[in-house]
Amino acid sequence: MSKAPDTLRLTLSPRLCELTKIRNELDQYLRDCLFPDKVRNTLLVVTEEVLVNIVRYGCCDEASDTIEIKVNRENAAVYMEFIDSGKPFNPLKEVGRVTAGQLVDNQGPGGIGVQLVRELTNQQEYTRKADRNHFRITKYILSLK
């Protein structure tokens, strides 16, 4: 039986130097949840991709803005929500799908990272609420992805 709570909430400032701390906290939580290594590693990669995109392209103010991460586990799924106060940006509509053979150099904000998140997770959803971006992903623990 897992010793971890069903929900984890993390808050960070929009700076790349925060990523290691968040990665370590999330990694420990996922280990405590007893997730298989493949699922844990996938969620760590997804988290890094999403956070890097928010920090690099979201135009958040380092001094006053924060990024929130909510992680929920329910039955055979993990739900992660990334919330930021950057400019409105729906990565699912504004970033086209990359096909084999396309030049990576031509990708704009999000580009290949958004494609990677799409491929590694089972569902993705974007909403804008109260002047904040909400990007939610679902990863099924027992999936073949």
# chains A, B, ... in the order shown; residues from 1 in each chain; ligands from 1
>>> residues_around(residues="stretch 49-56 of chain A", least_positions_apart="3", cutoff="12 Å", atoms="only C-alpha atoms", output="PDB file with C-alpha atoms, in the first residue's frame")
ATOM      1  CA  THR A  11       4.232  25.953  -6.404  1.00  0.00           C
ATOM      2  CA  LEU A  12       7.243  27.494  -8.096  1.00  0.00           C
ATOM      3  CA  SER A  13       8.352  30.797  -9.502  1.00  0.00           C
ATOM      4  CA  PRO A  14       8.687  30.933 -13.299  1.00  0.00           C
ATOM      5  CA  ARG A  15      12.451  30.372 -13.406  1.00  0.00           C
ATOM      6  CA  LEU A  16      14.313  27.467 -14.966  1.00  0.00           C
ATOM      7  CA  CYS A  17      16.480  27.090 -11.855  1.00  0.00           C
ATOM      8  CA  GLU A  18      13.350  25.890  -9.986  1.00  0.00           C
ATOM      9  CA  LEU A  19      12.963  22.826 -12.207  1.00  0.00           C
ATOM     10  CA  THR A  20      15.435  20.589 -10.356  1.00  0.00           C
ATOM     11  CA  ILE A  22      10.258  20.503  -8.479  1.00  0.00           C
ATOM     12  CA  ARG A  23      11.504  17.449 -10.363  1.00  0.00           C
ATOM     13  CA  THR A  42       7.142   9.589 -18.378  1.00  0.00           C
ATOM     14  CA  LEU A  43       5.498  12.001 -15.937  1.00  0.00           C
ATOM     15  CA  LEU A  44       8.856  13.572 -15.088  1.00  0.00           C
ATOM     16  CA  VAL A  45       9.615  14.180 -18.779  1.00  0.00           C
ATOM     17  CA  VAL A  46       6.130  15.605 -19.378  1.00  0.00           C
ATOM     18  CA  CYS A  59       5.904  35.801 -20.277  1.00  0.00           C
ATOM     19  CA  CYS A  60       5.320  35.354 -16.569  1.00  0.00           C
ATOM     20  CA  ASP A  61       6.823  37.873 -14.157  1.00  0.00           C
ATOM     21  CA  GLU A  62       9.509  36.130 -12.080  1.00  0.00           C
ATOM     22  CA  ASP A  65       3.890  35.188 -10.690  1.00  0.00           C
ATOM     23  CA  THR A  66       3.800  31.538  -9.743  1.00  0.00           C
ATOM     24  CA  ILE A  67       3.230  28.242 -11.486  1.00  0.00           C
ATOM     25  CA  GLU A  68       1.112  25.682  -9.699  1.00  0.00           C
ATOM     26  CA  ILE A  69       1.172  21.963 -10.292  1.00  0.00           C
ATOM     27  CA  MET A  80      -1.628  16.626 -13.597  1.00  0.00           C
ATOM     28  CA  GLU A  81      -2.706  20.235 -13.934  1.00  0.00           C
ATOM     29  CA  PHE A  82      -0.277  23.056 -14.664  1.00  0.00           C
ATOM     30  CA  ILE A  83      -1.620  26.529 -13.845  1.00  0.00           C
ATOM     31  CA  ASP A  84       0.120  29.784 -14.743  1.00  0.00           C
ATOM     32  CA  SER A  85      -0.746  33.455 -15.180  1.00  0.00           C
ATOM     33  CA  GLY A  86       1.148  33.923 -18.437  1.00  0.00           C
ATOM     34  CA  LYS A  87      -0.412  35.119 -21.656  1.00  0.00           C
ATOM     35  CA  PRO A  88      -3.277  32.990 -22.982  1.00  0.00           C
ATOM     36  CA  PHE A  89      -1.825  30.080 -24.929  1.00  0.00           C
ATOM     37  CA  ASN A  90      -3.592  26.876 -25.864  1.00  0.00           C
ATOM     38  CA  PRO A  91      -0.793  24.506 -26.884  1.00  0.00           C
ATOM     39  CA  VAL A  95       1.012  24.113 -31.947  1.00  0.00           C
ATOM     40  CA  GLY A 108       7.782  27.826 -32.658  1.00  0.00           C
ATOM     41  CA  PRO A 109       6.871  28.047 -28.975  1.00  0.00           C
ATOM     42  CA  GLY A 110       5.939  24.644 -27.614  1.00  0.00           C
ATOM     43  CA  GLY A 111       6.734  22.877 -30.883  1.00  0.00           C
ATOM     44  CA  ILE A 112       8.339  19.506 -30.399  1.00  0.00           C
ATOM     45  CA  GLY A 113       7.752  19.564 -26.616  1.00  0.00           C
ATOM     46  CA  VAL A 114       3.977  19.782 -27.032  1.00  0.00           C
ATOM     47  CA  GLN A 115       4.103  16.922 -29.514  1.00  0.00           C
ATOM     48  CA  LEU A 116       6.097  14.875 -26.998  1.00  0.00           C
ATOM     49  CA  VAL A 117       3.517  15.581 -24.276  1.00  0.00           C
ATOM     50  CA  ARG A 118       0.740  14.484 -26.650  1.00  0.00           C
ATOM     51  CA  LEU A 120       3.434  10.407 -23.809  1.00  0.00           C
ATOM     52  CA  GLN A 124      -4.685  16.686 -22.691  1.00  0.00           C
ATOM     53  CA  ARG A 132      -4.803  31.807 -15.771  1.00  0.00           C
ATOM     54  CA  ASN A 133      -3.837  29.015 -18.141  1.00  0.00           C
ATOM     55  CA  HIS A 134      -4.893  25.537 -17.014  1.00  0.00           C
ATOM     56  CA  PHE A 135      -3.232  22.683 -18.873  1.00  0.00           C
ATOM     57  CA  ARG A 136      -4.335  19.247 -17.679  1.00  0.00           C
ATOM     58  CA  ILE A 137      -2.907  15.914 -18.721  1.00  0.00           C
TER      59      ILE A 137
END
>>> select_by_dssp(residues="chain A", states="alpha helix (DSSP H)", output="PyMOL selection string")
chain A and resi 19-32+37-57+91-94+111-120
>>> atom_distance(atom1="atom CA of A:Ala130", atom2="atom CA of A:Leu30")
29.6 Å
>>> residues_around(residues="A:Asn41", least_positions_apart="3", cutoff="12 Å", atoms="only C-alpha atoms", output="list in words")
Arg23, Asn24, Leu26, Asp27, Gln28, Leu30, Arg31, Phe35, Pro36, Asp37, Lys38, Leu44, Val45, Val46, Thr47, Glu48, Leu120, Thr121, Lys139 and Ile141 of chain A
>>> write_last_selection(atoms="N, CA and C atoms", output="mmCIF file, in the first residue's frame")
data_model
loop_
_atom_site.group_PDB
_atom_site.id
_atom_site.type_symbol
_atom_site.label_atom_id
_atom_site.label_comp_id
_atom_site.auth_asym_id
_atom_site.auth_seq_id
_atom_site.Cartn_x
_atom_site.Cartn_y
_atom_site.Cartn_z
ATOM 1 N N ARG A 23 11.317 18.805 -9.842
ATOM 2 C CA ARG A 23 11.504 17.449 -10.363
ATOM 3 C C ARG A 23 11.768 16.470 -9.220
ATOM 4 N N ASN A 24 12.628 16.859 -8.284
ATOM 5 C CA ASN A 24 12.951 15.985 -7.161
ATOM 6 C C ASN A 24 11.737 15.739 -6.258
ATOM 7 N N LEU A 26 8.546 15.945 -7.138
ATOM 8 C CA LEU A 26 7.595 15.129 -7.885
ATOM 9 C C LEU A 26 8.076 13.686 -7.976
ATOM 10 N N ASP A 27 9.349 13.493 -8.220
ATOM 11 C CA ASP A 27 9.909 12.147 -8.304
ATOM 12 C C ASP A 27 9.680 11.389 -6.999
ATOM 13 N N GLN A 28 9.926 12.035 -5.869
ATOM 14 C CA GLN A 28 9.723 11.371 -4.583
ATOM 15 C C GLN A 28 8.254 11.018 -4.365
ATOM 16 N N LEU A 30 5.999 10.422 -6.710
ATOM 17 C CA LEU A 30 5.651 9.316 -7.613
ATOM 18 C C LEU A 30 6.231 7.995 -7.119
ATOM 19 N N ARG A 31 7.414 8.037 -6.516
ATOM 20 C CA ARG A 31 7.999 6.831 -5.915
ATOM 21 C C ARG A 31 7.156 6.378 -4.720
ATOM 22 N N PHE A 35 4.340 4.037 -8.272
ATOM 23 C CA PHE A 35 4.101 3.941 -9.708
ATOM 24 C C PHE A 35 5.248 3.190 -10.369
ATOM 25 N N PRO A 36 4.957 2.453 -11.423
ATOM 26 C CA PRO A 36 6.035 1.785 -12.167
ATOM 27 C C PRO A 36 7.027 2.823 -12.702
ATOM 28 N N ASP A 37 8.283 2.419 -12.837
ATOM 29 C CA ASP A 37 9.326 3.331 -13.303
ATOM 30 C C ASP A 37 8.966 3.987 -14.632
ATOM 31 N N LYS A 38 8.370 3.238 -15.543
ATOM 32 C CA LYS A 38 8.028 3.789 -16.851
ATOM 33 C C LYS A 38 7.035 4.944 -16.716
ATOM 34 N N LEU A 44 7.762 12.624 -15.322
ATOM 35 C CA LEU A 44 8.856 13.572 -15.088
ATOM 36 C C LEU A 44 9.242 14.290 -16.375
ATOM 37 N N VAL A 45 9.299 13.565 -17.481
ATOM 38 C CA VAL A 45 9.615 14.180 -18.779
ATOM 39 C C VAL A 45 8.517 15.162 -19.180
ATOM 40 N N VAL A 46 7.266 14.745 -19.037
ATOM 41 C CA VAL A 46 6.130 15.605 -19.378
ATOM 42 C C VAL A 46 6.166 16.883 -18.539
ATOM 43 N N THR A 47 6.405 16.743 -17.255
ATOM 44 C CA THR A 47 6.457 17.903 -16.368
ATOM 45 C C THR A 47 7.545 18.874 -16.804
ATOM 46 N N GLU A 48 8.705 18.362 -17.105
ATOM 47 C CA GLU A 48 9.800 19.232 -17.539
ATOM 48 C C GLU A 48 9.436 19.954 -18.832
ATOM 49 N N LEU A 120 3.148 11.109 -25.061
ATOM 50 C CA LEU A 120 3.434 10.407 -23.809
ATOM 51 C C LEU A 120 2.238 10.321 -22.857
ATOM 52 N N THR A 121 1.201 11.095 -23.130
ATOM 53 C CA THR A 121 0.042 11.089 -22.247
ATOM 54 C C THR A 121 -1.196 10.621 -23.005
ATOM 55 N N LYS A 139 -2.585 10.514 -17.532
ATOM 56 C CA LYS A 139 -1.743 9.373 -17.879
ATOM 57 C C LYS A 139 -2.341 8.145 -17.188
ATOM 58 N N ILE A 141 -2.145 4.580 -15.805
ATOM 59 C CA ILE A 141 -1.031 3.828 -15.249
ATOM 60 C C ILE A 141 -0.861 2.489 -15.956
#
>>> residues_around(residues="A:Thr138", least_positions_apart="3", cutoff="6 Å", atoms="only C-alpha atoms", output="list of chain:residue names")
A:Val78, A:Tyr79, A:Asn122, A:Gln123
